[in-house]
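Visitor: Sharing a structure with you now.
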Amino acid sequence: MRLEISVQLIRTVRAKRPLVHHITNYVTVNDCANACICCGGSPVMADAKEEMEEMASIASALVLNIGTLNSRTLESMEIAGRAANKAGTPVLLDPVGVGATKLRTESVQRILDRVEVSVLKGNQGEIGVLSGTGGDVKGVDSGGASDPASAVEKLSEELGCVVAATGENDYVSSNGRTLELSNGHPLLGCVSGTGCMLSSITGTYIGANGPSIDSVAAAISVFNLSAEYAAELSRGPGTFKPALMDALHNFHEESVSRARIQEI
Amino acid sequence: MRLEISVQLIRTVRAKRPLVHHITNYVTVNDCANACICCGGSPVMADAKEEMEEMASIASALVLNIGTLNSRTLESMEIAGRAANKAGTPVLLDPVGVGATKLRTESVQRILDRVEVSVLKGNQGEIGVLSGTGGDVKGVDSGGASDPASAVEKLSEELGCVVAATGENDYVSSNGRTLELSNGHPLLGCVSGTGCMLSSITGTYIGANGPSIDSVAAAISVFNLSAEYAAELSRGPGTFKPALMDALHNFHEESVSRARIQEI
Amino acid sequence: MRLEISVQLIRTVRAKRPLVHHITNYVTVNDCANACICCGGSPVMADAKEEMEEMASIASALVLNIGTLNSRTLESMEIAGRAANKAGTPVLLDPVGVGATKLRTESVQRILDRVEVSVLKGNQGEIGVLSGTGGDVKGVDSGGASDPASAVEKLSEELGCVVAATGENDYVSSNGRTLELSNGHPLLGCVSGTGCMLSSITGTYIGANGPSIDSVAAAISVFNLSAEYAAELSRGPGTFKPALMDALHNFHEESVSRARIQEI
């Protein structure tokens, strides 16, 4: 069954301009900030534990990305996560490189144990590893999953939250419903941090629209459709990235009709 | 009264290539480094406390930006600031997000108490908050100020330094003189870190020309005029940023005739 | 004697897609990641000491860049370096800003004392300082070296590793052979982090091909030839950077015939 994205989700993001608090890595943080702005949000990056509760209290969503975690920022993630839970603010976790090292695996477990995560979003390798259904992680790159659709479904049931796994096709599952999304472009795999950018955009969408499977599917679709458009204006990964930001900023609501989403 | 920018200020920056020591945030640091280079400076980013005194002693200006401060970098800012004061090196403080959290407000106060700041430069919301005349801060974005002209004037008098507040119009005040600058482009508000970039450019200008109101007004004008030019070559915020760097690098001295500055 | 680059070195990088573990600075880290990807590698940036041994054990090369070092990351560099040595993984050290402060000079010495470095690569100022033959460092920019060819030769003999010094001409030395490379473009000097990007590309080349003088010369040539091509498509430093990434990604093997390398 082919599904449609409601344009209302896009309008709400742009109208509300949600403040999205990020505790993220220093590799892709600038692209995350710009992706958040271009899709309609207001990013704030802050990781000092002394200000975590206040930032969580004024933010509309919290994005936790463990790409370059250390003991200091991990502590801040826990404090911010619990404060967000208390304030009813949705939390997105991107378990970058989980499975590559014990530190990453234990840190993800620790966050999941102590913070109620609304959306867990990783690449197929990471989600495959976390679900136990099989996945391959090469550093912070995905080596793929044996069955990404089952992985998101199983993990969503276990954790009681929305789970998304990105790759050539993307999978999202929540409450027993699982979607397969088939937009995007190979150049997304040639730029560092496109997964992180999508986490920030998804954080922006759940900040404005709440942490539903529809919010997450809309965020993925807007990002992937923007990538398709940007690729036409690019000569390679270098010019693709600014074109992607332009496409996110200039995204026309009617473009959602090109979204290929089906319930599986 | 309409004022003019002296082209000599631009020439001096390019001739001296001042070394600008930054302790800044990890979100926009790369854009700050490139903006500094493109306008004629040589940036060095260093924040280990062990090397703060030496860096301050060889630099022509020090830029302190609290965008992602923590206890470690705050200590380094104080050490570097005092060393810069001892060496007679001008210090610019960008109080990113002041008012959003207690940590930021107290840290700015702590720096102002212990370091002689030559230029305080923030967005209108931040300067409005700091001046006590009223301002609104949303995370690290400006929510505007009730009266930005009065804010810079009052704060400049209180602190005895140059104070600048940026927004749709920009305001700079020093020694009882207050300027209103009216160049720029809306795309500056769609890219993360344009305020940080301007702080780095201003640091470069005061490093070469000294911390006068004229240096600060020239830096703001060069940046805003470059933005106007870049916008013509852009399709959105993504392509605007590289075009802005190009425009800074290729800035023609005669373009300053397009600067709209008046004393108010 | 004019030398040629073997296209096999380029093919091997692209075929193996080596995982390159970076402990690097937060200024240019995103460009390093993208340069690594564009030339054919898979970058992972991680600096928490708890995961250094595991990352080193799965990586094909380790790049240590002290651009924004502090006591925490310095400790991680040592742990990762020793683990890489144990695993037989080649280690590249970029001694950014060595000579500018005591901390940088001592940290480079400390790493060289405790870690077997396969490739030492800096700008001419840094390598001149380290070799003792004379060099000038302005913050993290090169002020040039009195005799860069002698500097790489002397340092290579002393350390028993490949040493490269970059500048208008680039010099590489190993086992008594010294090469002079004469490609590149002045715009490389107008963008922050081009030296760091080249370190990441060199790390990628030694990860796939081993730490020989040929691997290092190939990496430098591919980078410089890409820069020559990118410059033709640029209006300044801003548009040059994305064009450089495109050129790295789209690099044609036959372009190596334009490499100007001679043994001296």
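We name chains A, B, ... following the order of the structure tokens; residues begin at 1 in each chain, and ligands are numbered from 1 as shown.
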If you count only C-alpha atoms, which residues fall within 12 Å of Asn85 of chain A, apart from same-chain ones fewer than 3 positions away, as JSON, numbers by chain?
Guide: {"A": [53, 56, 57, 59, 60, 61, 62, 77, 78, 79, 80, 81, 82, 88, 89, 90, 91, 92, 114, 115, 116, 117, 118]}
Visitor: Please provide as an MDAnalysis selection string all residues within 7 Å of segment 42-44 of chain C, with the sequence filter that same-chain residues fewer than 2 positions apart are discarded (counting only C-alpha atoms).
Guide: (chainID A and resid 139:140) or (chainID C and resid 17:22 33 36:37 46)
Visitor: May I ask for the distance between atom CA of Gly236 of chain B and atom CA of Ala219 of chain B, given in Å to one decimal place?
Guide: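 Atom CA of Ala219 of chain B lies at a distance of 23.9 Å from atom CA of Gly236 of chain B.
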Visitor: Please identify every residue of chain C that has at least one atom no more than 12 Å from any atom of chain B, counting only C-alpha atoms, and report them as a ChimeraX atom specification.
Guide: /C:25-32,66-74,96-107,137-143,187-194,234-243
Visitor: Can you tell me how far atom CA of Ser156 of chain A sits from atom CA of Ser174 of chain A, in Å to one decimal?
Guide: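 For atom CA of Ser156 of chain A relative to atom CA of Ser174 of chain A, the distance reads 5.7 Å.
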